[in-house]
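**Q** The structure's right below; bear with me while I get my questions together.
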Amino acid sequence: YVLKESRYSYEYVIKLILRLQKNQFIKVLVVDDSKSTRAFIRKTLKQHLYQVLEAEDGIEALAMLQQQPDIRLMIVDYNMPNMNGYELVKNIRHKQNNKNLIIIGLSAEGSGALSAKFIKNGANDFLRKPFYHEELHCRLMHNLEEMELLEAVKDAANSDYLTGLSNRRYFFQVAEKLYENAVEQNKPLSLAMLDIDHFKQINDSYGHEVGDYVLTKVADVLKEKFSRFIVARLGGEEFCVLLKGLDVDKSQQLLDSFRCLVAEQKLTIGGIDIGFTISIGVTDNTYSSLSDMLAIADKCLYRAKQAGRNLLII
Ligand code: GH3
Ligand code: MG
Ligand code: MG
Ligand code: MG
C-alpha cells in the first residue's frame, strides 16, 4: 500500500522495509467499544505494518498492558462502558511505570475541554472522530519519532561513548537506589572497583588508539561476564561493578575468574600480541553508605596495586 501511494517519502519506505526485514512490528493497542471504529483503525494501521491489538474497554486494556509490556502505542476512545477513556489514561499514567508508552485520545464529542482533559491526564495527543486515515498515521508517526529521539538522547546521556557501558552519571543514579533497596530488604550487595594495570604504558608503547581498543575489549568482556549486574566506566581505565544479590565470596569468585581470563588472553592488534592485567578491590560493607563502599573498594584496589597488581583484594 505504502509503495503504491506515491506520497510517502523514500525514507519512510526504507523504514518500513527494515521493519519487515527485522520482523519488528510496533505493537498498537486500540481501545474502543465500537467494533467499526476498531476495524477502521486496524485497517489503516496494518497498511503501515503496525501490529494491531484490540480491547473493548478499559479493563480489558489494562489486562493486556500487563501481559504485553512491549505495547508501544495506545489509541483510546473517550466514551466506553465501565471506565471512560480519560480515566483509563489517568490509571495507566499513575499506576504503571510506562513513560515510553504513547497514548492518543479519541472522541466523537467535539469539545476542546475533552482533548485538554485527555492531555492533562497524560495522553500525548488527541484525535477527533471522524478522522481522515492520514491524520491518524501522521500523528502516530510524529509521536513515535519524538519518543525515539527522546530515547536516543536518554541513551546517550547514560552511556559511555567509547565503550557503550553505563557512564558515571548513570551509575550513581542507579547505584544509590540499589544500595537503599539492599539495606531495606537486608539483601547482599557487593561493589568492585577495577583498574587496568600500567595502562599508560599501553598508550605510550602502541598509541592512544590501541589504548582505546583495549578499553573497548575489556568493556565487552565485562558486559558479557556481568550481564546481570550494573557495570560502568567511571573514567579513564577504571570500571565499577555493582553486584546485587551476591555476597563478597560469590563476587570474589566471579571477579577473580574475570581477572584470570584477562591475564591469560592476548589481544592481537596489527600482528602484535598485547597482554595486560587488571587489579580489583571489592567490598560488601552495606552497613556504611554507598560512598563508603566506593571508598573501601578503592582502598582495596590501591592495596592490590601496592602488592604488585593483577590481584583482587577484599
Ligand atoms: P596503574 O597500574 O597504577 O593503574 O598505572 P596506569 O598507567 O594504568 O595508571 P595511570 O593513572 O598512571 O594512567 C592512566 C592512563 O590512562 C593515563 C591516561 O592517558 C589514560 N587514559 C585515560 N582515559 C583514556 C582513554 O579514554 N583512552 C586512552 N587510550 N587512554 C586513556
Ligand atoms: Mg465509544
Ligand atoms: Mg591503571
Ligand atoms: Mg586509574
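Identifiers in this document derive from the order of the C-alpha cells: chains are assigned A, B, ..., residues are numbered from 1 separately in each chain, and ligands are numbered from 1 in order of occurrence.
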Find the residues near ligand 2. Use a cut-off of 7 Å, count only C-alpha atoms and all ligand atoms, and write them as a PyMOL selection string.
**A** chain A and resi 32-34+77-80
**Q** For the selection you just gave me, I'd like the residues written to a file as a short mmCIF file (atom, residue, chain, number, x, y, z; two decimals), in the first residue's frame, keeping C-alpha atoms.
**A**
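And here's again-v4.cif as it stands now:
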data_model
loop_
_atom_site.label_atom_id
_atom_site.label_comp_id
_atom_site.auth_asym_id
_atom_site.auth_seq_id
_atom_site.Cartn_x
_atom_site.Cartn_y
_atom_site.Cartn_z
CA ASP A 32 -12.75 1.39 21.68
CA ASP A 33 -16.18 -0.10 22.36
CA SER A 34 -17.17 0.45 18.73
CA ASP A 77 -11.71 6.20 22.87
CA TYR A 78 -13.47 8.54 25.34
CA ASN A 79 -16.97 7.08 25.63
CA MET A 80 -16.76 3.49 26.80
#
**Q** Let me see if you get this right: every residue at most 10 Å from ligand 3, counting only C-alpha atoms and all ligand atoms, written as number ranges by chain.
**A** A: 194-201, 236-238, 277-279, 305, 309
**Q** Mind writing the picked residues with N, CA and C atoms as an mmCIF file, in the first residue's frame?
**A**
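The new file out03.cif reads:
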data_model
loop_
_atom_site.group_PDB
_atom_site.id
_atom_site.type_symbol
_atom_site.label_atom_id
_atom_site.label_comp_id
_atom_site.auth_asym_id
_atom_site.auth_seq_id
_atom_site.Cartn_x
_atom_site.Cartn_y
_atom_site.Cartn_z
ATOM 1 N N LEU A 194 37.647 -1.719 39.476
ATOM 2 C CA LEU A 194 38.646 -2.393 38.641
ATOM 3 C C LEU A 194 39.489 -1.355 37.915
ATOM 4 N N ASP A 195 40.761 -1.620 37.792
ATOM 5 C CA ASP A 195 41.636 -0.660 37.123
ATOM 6 C C ASP A 195 42.690 -1.430 36.314
ATOM 7 N N ILE A 196 42.827 -1.063 35.052
ATOM 8 C CA ILE A 196 43.818 -1.743 34.209
ATOM 9 C C ILE A 196 45.224 -1.369 34.689
ATOM 10 N N ASP A 197 46.094 -2.386 34.783
ATOM 11 C CA ASP A 197 47.461 -2.144 35.272
ATOM 12 C C ASP A 197 48.342 -1.542 34.170
ATOM 13 N N HIS A 198 49.139 -0.582 34.578
ATOM 14 C CA HIS A 198 50.110 0.069 33.680
ATOM 15 C C HIS A 198 49.498 0.420 32.320
ATOM 16 N N PHE A 199 48.329 0.959 32.372
ATOM 17 C CA PHE A 199 47.644 1.279 31.115
ATOM 18 C C PHE A 199 48.372 2.380 30.344
ATOM 19 N N LYS A 200 48.993 3.251 31.102
ATOM 20 C CA LYS A 200 49.729 4.349 30.467
ATOM 21 C C LYS A 200 50.801 3.794 29.520
ATOM 22 N N GLN A 201 51.400 2.657 29.960
ATOM 23 C CA GLN A 201 52.434 2.022 29.122
ATOM 24 C C GLN A 201 51.876 1.529 27.793
ATOM 25 N N GLY A 236 38.543 7.122 32.575
ATOM 26 C CA GLY A 236 39.829 6.565 32.157
ATOM 27 C C GLY A 236 39.796 5.062 31.974
ATOM 28 N N GLU A 237 40.675 4.356 32.717
ATOM 29 C CA GLU A 237 40.731 2.891 32.611
ATOM 30 C C GLU A 237 40.227 2.268 33.896
ATOM 31 N N GLU A 238 39.197 2.926 34.473
ATOM 32 C CA GLU A 238 38.657 2.490 35.749
ATOM 33 C C GLU A 238 37.182 2.112 35.591
ATOM 34 N N THR A 277 46.967 -6.791 32.463
ATOM 35 C CA THR A 277 46.277 -7.330 33.645
ATOM 36 C C THR A 277 45.405 -6.256 34.291
ATOM 37 N N ILE A 278 44.606 -6.717 35.246
ATOM 38 C CA ILE A 278 43.670 -5.813 35.930
ATOM 39 C C ILE A 278 43.753 -6.037 37.431
ATOM 40 N N SER A 279 43.708 -4.950 38.190
ATOM 41 C CA SER A 279 43.653 -5.059 39.659
ATOM 42 C C SER A 279 42.236 -4.733 40.122
ATOM 43 N N LYS A 305 47.282 -2.740 43.977
ATOM 44 C CA LYS A 305 48.338 -2.124 43.160
ATOM 45 C C LYS A 305 49.673 -2.186 43.911
ATOM 46 N N ARG A 309 49.970 -5.710 41.705
ATOM 47 C CA ARG A 309 49.000 -5.697 40.591
ATOM 48 C C ARG A 309 48.545 -7.101 40.179
#
**Q** Mind pulling up the distance from atom CA of Leu261 of chain A to atom CA of Ser166 of chain A?
**A**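 Taking atom CA of Ser166 of chain A and atom CA of Leu261 of chain A, their separation equals 22.2 Å.
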**Q** One decimal, Å: what's the distance from atom CA of Glu209 of chain A over to atom CA of Ala157 of chain A, could you say?
**A**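 Atom CA of Glu209 of chain A sits 23.6 Å away from atom CA of Ala157 of chain A.
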**Q** I'd like to know which residues of segment 9-232 of chain A are alpha helix (DSSP H) (by DSSP, run on the backbone); could you write them as a PyMOL selection string?
**A** chain A and resi 10-22+35-47+58-67+85-95+112-120+133-158+168-185+199-206+208-225
**Q** Let me make sure I understand: among A:Gln252, A:Arg7, A:Cys240, A:Ala263, which one has the smallest atom-to-atom distance to ligand 4 if we use only C-alpha atoms and all ligand atoms?
**A**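 Of A:Gln252, A:Arg7, A:Cys240, A:Ala263, the one nearest ligand 4, counting only C-alpha atoms and all ligand atoms, is A:Cys240.
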**Q** Within 9 Å of Asn100 of chain A, counting only C-alpha atoms, which residues qualify if same-chain residues fewer than 4 places away don't, as a list in words?
**A** Arg72, Leu73, Met147 and Glu151 of chain A
**Q** Nearest residue to Lys27 of chain A out of A:Arg128, A:Arg168, A:Arg139, A:Lys46, using only C-alpha atoms?
**A**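 Distance minimum relative to Lys27 of chain A lands on A:Lys46.
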**Q** Compile the contact shell of segment 217-219 of chain A as a ChimeraX atom specification: residues with an atom at most 7 Å away, counting only C-alpha atoms, same-chain residues fewer than 3 positions apart removed.
**A** /A:163,165,213-214,222-223
**Q** I need the residues from that last selection saved to file as an mmCIF file, in the first residue's frame (with N, CA and C atoms), if you can.
**A**
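Just written: result16.cif:
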data_model
loop_
_atom_site.group_PDB
_atom_site.id
_atom_site.type_symbol
_atom_site.label_atom_id
_atom_site.label_comp_id
_atom_site.auth_asym_id
_atom_site.auth_seq_id
_atom_site.Cartn_x
_atom_site.Cartn_y
_atom_site.Cartn_z
ATOM 1 N N THR A 163 32.903 2.931 25.173
ATOM 2 C CA THR A 163 32.699 1.504 25.467
ATOM 3 C C THR A 163 31.242 1.063 25.425
ATOM 4 N N LEU A 165 29.348 1.180 27.847
ATOM 5 C CA LEU A 165 28.941 0.830 29.216
ATOM 6 C C LEU A 165 28.158 1.992 29.817
ATOM 7 N N TYR A 213 41.187 0.746 22.013
ATOM 8 C CA TYR A 213 40.745 -0.593 21.609
ATOM 9 C C TYR A 213 40.761 -1.539 22.810
ATOM 10 N N VAL A 214 41.815 -1.455 23.603
ATOM 11 C CA VAL A 214 41.921 -2.282 24.809
ATOM 12 C C VAL A 214 40.735 -1.983 25.751
ATOM 13 N N LEU A 222 33.531 -7.497 30.222
ATOM 14 C CA LEU A 222 32.759 -7.148 31.423
ATOM 15 C C LEU A 222 31.259 -7.269 31.175
ATOM 16 N N LYS A 223 30.818 -6.743 30.023
ATOM 17 C CA LYS A 223 29.392 -6.804 29.672
ATOM 18 C C LYS A 223 28.919 -8.243 29.625
#
**Q** Give the answer as one residue: which of A:Ile75, A:Ile274, A:Ile119, A:Leu88 has the shortest atom-to-atom distance to Ile59 of chain A, using only C-alpha atoms?
**A**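 Checking each of A:Ile75, A:Ile274, A:Ile119, A:Leu88 against Ile59 of chain A, counting only C-alpha atoms, the winner is A:Leu88.
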**Q** Determine which residues of segment 82-216 of chain A receive a DSSP assignment of strand (DSSP E or B), computed from the backbone, and state them as a list in words.
**A** Ile102, Ile103, Ile104, Gly105, Leu106, Ser107, Asp125, Phe126, Leu127, Arg128, Ser159, Ser166, Leu189, Ser190, Leu191, Ala192, Met193, Leu194, Asp195 and Ile196 of chain A
**Q** Those residues you just picked out, can you put them in a file as a PDB file, in the first residue's frame with C-alpha atoms?
**A**
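Writing the result to out-v6.pdb gives the following:
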ATOM      1  CA  ILE A 102       2.428   6.725  23.635  1.00  0.00           C
ATOM      2  CA  ILE A 103      -1.275   7.347  24.238  1.00  0.00           C
ATOM      3  CA  ILE A 104      -3.584   9.057  21.766  1.00  0.00           C
ATOM      4  CA  GLY A 105      -7.092  10.049  22.906  1.00  0.00           C
ATOM      5  CA  LEU A 106     -10.077   9.714  20.611  1.00  0.00           C
ATOM      6  CA  SER A 107     -13.620  11.031  20.704  1.00  0.00           C
ATOM      7  CA  ASP A 125      -2.115  13.594  21.571  1.00  0.00           C
ATOM      8  CA  PHE A 126      -5.791  13.676  20.618  1.00  0.00           C
ATOM      9  CA  LEU A 127      -7.886  12.873  17.548  1.00  0.00           C
ATOM     10  CA  ARG A 128     -11.476  13.816  16.816  1.00  0.00           C
ATOM     11  CA  SER A 159      26.213   5.637  28.423  1.00  0.00           C
ATOM     12  CA  SER A 166      26.904   2.838  31.692  1.00  0.00           C
ATOM     13  CA  LEU A 189      25.257  -6.258  47.683  1.00  0.00           C
ATOM     14  CA  SER A 190      28.885  -6.029  46.737  1.00  0.00           C
ATOM     15  CA  LEU A 191      30.858  -3.490  44.838  1.00  0.00           C
ATOM     16  CA  ALA A 192      34.082  -3.837  42.865  1.00  0.00           C
ATOM     17  CA  MET A 193      36.476  -1.226  41.539  1.00  0.00           C
ATOM     18  CA  LEU A 194      38.646  -2.393  38.641  1.00  0.00           C
ATOM     19  CA  ASP A 195      41.636  -0.660  37.123  1.00  0.00           C
ATOM     20  CA  ILE A 196      43.818  -1.743  34.209  1.00  0.00           C
TER      21      ILE A 196
END
**Q** Which of these, A:Asp247, A:Glu60, A:Asp298, A:Glu11, has the shortest distance to ligand 4 once you count only C-alpha atoms and all ligand atoms?
**A**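 The answer is A:Asp298, which sits nearest to ligand 4.
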**Q** List the neighbours of Val13 of chain A out to 12 Å using only C-alpha atoms; skip same-chain residues closer than 6 positions along the sequence, and give me the result as a list in words.
**A** Tyr1, Val2, Leu3, Lys4, Glu5, Ser6, Arg7, Arg19, Leu20, Gln47, His48 and Leu49 of chain A
**Q** Atoms to include: C-alpha atoms. Write the selected residues as a PDB file, in the first residue's frame.
**A**
ATOM      1  CA  TYR A   1       0.000   0.000   0.000  1.00  0.00           C
ATOM      2  CA  VAL A   2       2.707   2.451   1.013  1.00  0.00           C
ATOM      3  CA  LEU A   3       4.718   1.650  -2.110  1.00  0.00           C
ATOM      4  CA  LYS A   4       1.694   2.182  -4.326  1.00  0.00           C
ATOM      5  CA  GLU A   5       0.923   5.569  -2.834  1.00  0.00           C
ATOM      6  CA  SER A   6       3.431   8.000  -4.219  1.00  0.00           C
ATOM      7  CA  ARG A   7       3.059  10.497  -1.355  1.00  0.00           C
ATOM      8  CA  ARG A  19      10.839  -3.208   9.994  1.00  0.00           C
ATOM      9  CA  LEU A  20       9.701  -6.028   7.704  1.00  0.00           C
ATOM     10  CA  GLN A  47      -1.249  -0.747   5.862  1.00  0.00           C
ATOM     11  CA  HIS A  48       1.675   0.825   7.727  1.00  0.00           C
ATOM     12  CA  LEU A  49       2.834  -2.500   9.149  1.00  0.00           C
TER      13      LEU A  49
END
**Q** Just want the 12 Å neighbourhood of Tyr161 of chain A, counted on only C-alpha atoms, with same-chain residues fewer than 6 positions away dropped. Output as a ChimeraX atom specification.
**A** /A:155,167-168,212,215-216,219,232-233,235
**Q** For the residues in the current selection, export N, CA and C atoms as a PDB file, in the first residue's frame.
**A**
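Result file part-v7.pdb:
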ATOM      1  N   ASP A 155      19.661   7.559  26.153  1.00  0.00           N
ATOM      2  CA  ASP A 155      20.713   6.554  25.998  1.00  0.00           C
ATOM      3  C   ASP A 155      22.085   7.206  25.970  1.00  0.00           C
ATOM      4  N   ASN A 167      27.633   5.102  32.082  1.00  0.00           N
ATOM      5  CA  ASN A 167      28.636   6.095  32.471  1.00  0.00           C
ATOM      6  C   ASN A 167      28.522   6.414  33.964  1.00  0.00           C
ATOM      7  N   ARG A 168      29.397   7.264  34.411  1.00  0.00           N
ATOM      8  CA  ARG A 168      29.477   7.635  35.822  1.00  0.00           C
ATOM      9  C   ARG A 168      28.150   8.201  36.332  1.00  0.00           C
ATOM     10  N   ASP A 212      42.525   2.774  23.345  1.00  0.00           N
ATOM     11  CA  ASP A 212      41.063   2.818  23.228  1.00  0.00           C
ATOM     12  C   ASP A 212      40.497   1.429  22.899  1.00  0.00           C
ATOM     13  N   LEU A 215      40.431  -0.696  25.894  1.00  0.00           N
ATOM     14  CA  LEU A 215      39.302  -0.317  26.770  1.00  0.00           C
ATOM     15  C   LEU A 215      37.983  -0.927  26.281  1.00  0.00           C
ATOM     16  N   THR A 216      37.762  -0.893  24.968  1.00  0.00           N
ATOM     17  CA  THR A 216      36.501  -1.446  24.448  1.00  0.00           C
ATOM     18  C   THR A 216      36.466  -2.967  24.632  1.00  0.00           C
ATOM     19  N   ALA A 219      35.719  -3.739  28.204  1.00  0.00           N
ATOM     20  CA  ALA A 219      34.291  -3.459  28.428  1.00  0.00           C
ATOM     21  C   ALA A 219      33.419  -4.586  27.873  1.00  0.00           C
ATOM     22  N   ALA A 232      29.891  -0.107  35.003  1.00  0.00           N
ATOM     23  CA  ALA A 232      30.064   1.250  34.492  1.00  0.00           C
ATOM     24  C   ALA A 232      31.537   1.568  34.279  1.00  0.00           C
ATOM     25  N   ARG A 233      31.776   2.476  33.358  1.00  0.00           N
ATOM     26  CA  ARG A 233      33.129   3.027  33.230  1.00  0.00           C
ATOM     27  C   ARG A 233      33.104   4.338  33.999  1.00  0.00           C
ATOM     28  N   GLY A 235      35.628   6.288  34.539  1.00  0.00           N
ATOM     29  CA  GLY A 235      36.528   7.278  33.937  1.00  0.00           C
ATOM     30  C   GLY A 235      37.805   6.575  33.535  1.00  0.00           C
TER      31      GLY A 235
END
**Q** Neighbouring residues of Gln253 of chain A were defined as those with any atom within 12 Å, considering only C-alpha atoms; residues of the same chain fewer than 3 positions away were excluded. Please report them as a PyMOL selection string.
**A** chain A and resi 225+246-250+256-260+282+312-314
**Q** Name the closest residue to ligand 1 among the candidates A:Leu255, A:Val52, A:Ile272, A:Leu234; distances are taken between atoms, counting only C-alpha atoms and all ligand atoms.
**A**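 The shortest atom-to-atom distance to ligand 1 comes from A:Leu234.
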**Q** Restricting the calculation to only C-alpha atoms and all ligand atoms, which member of A:Phe239, A:Asn84, A:Leu144, A:Asp273 is positioned closest to ligand 4?
**A**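 For ligand 4, the nearest of the given residues is A:Phe239.
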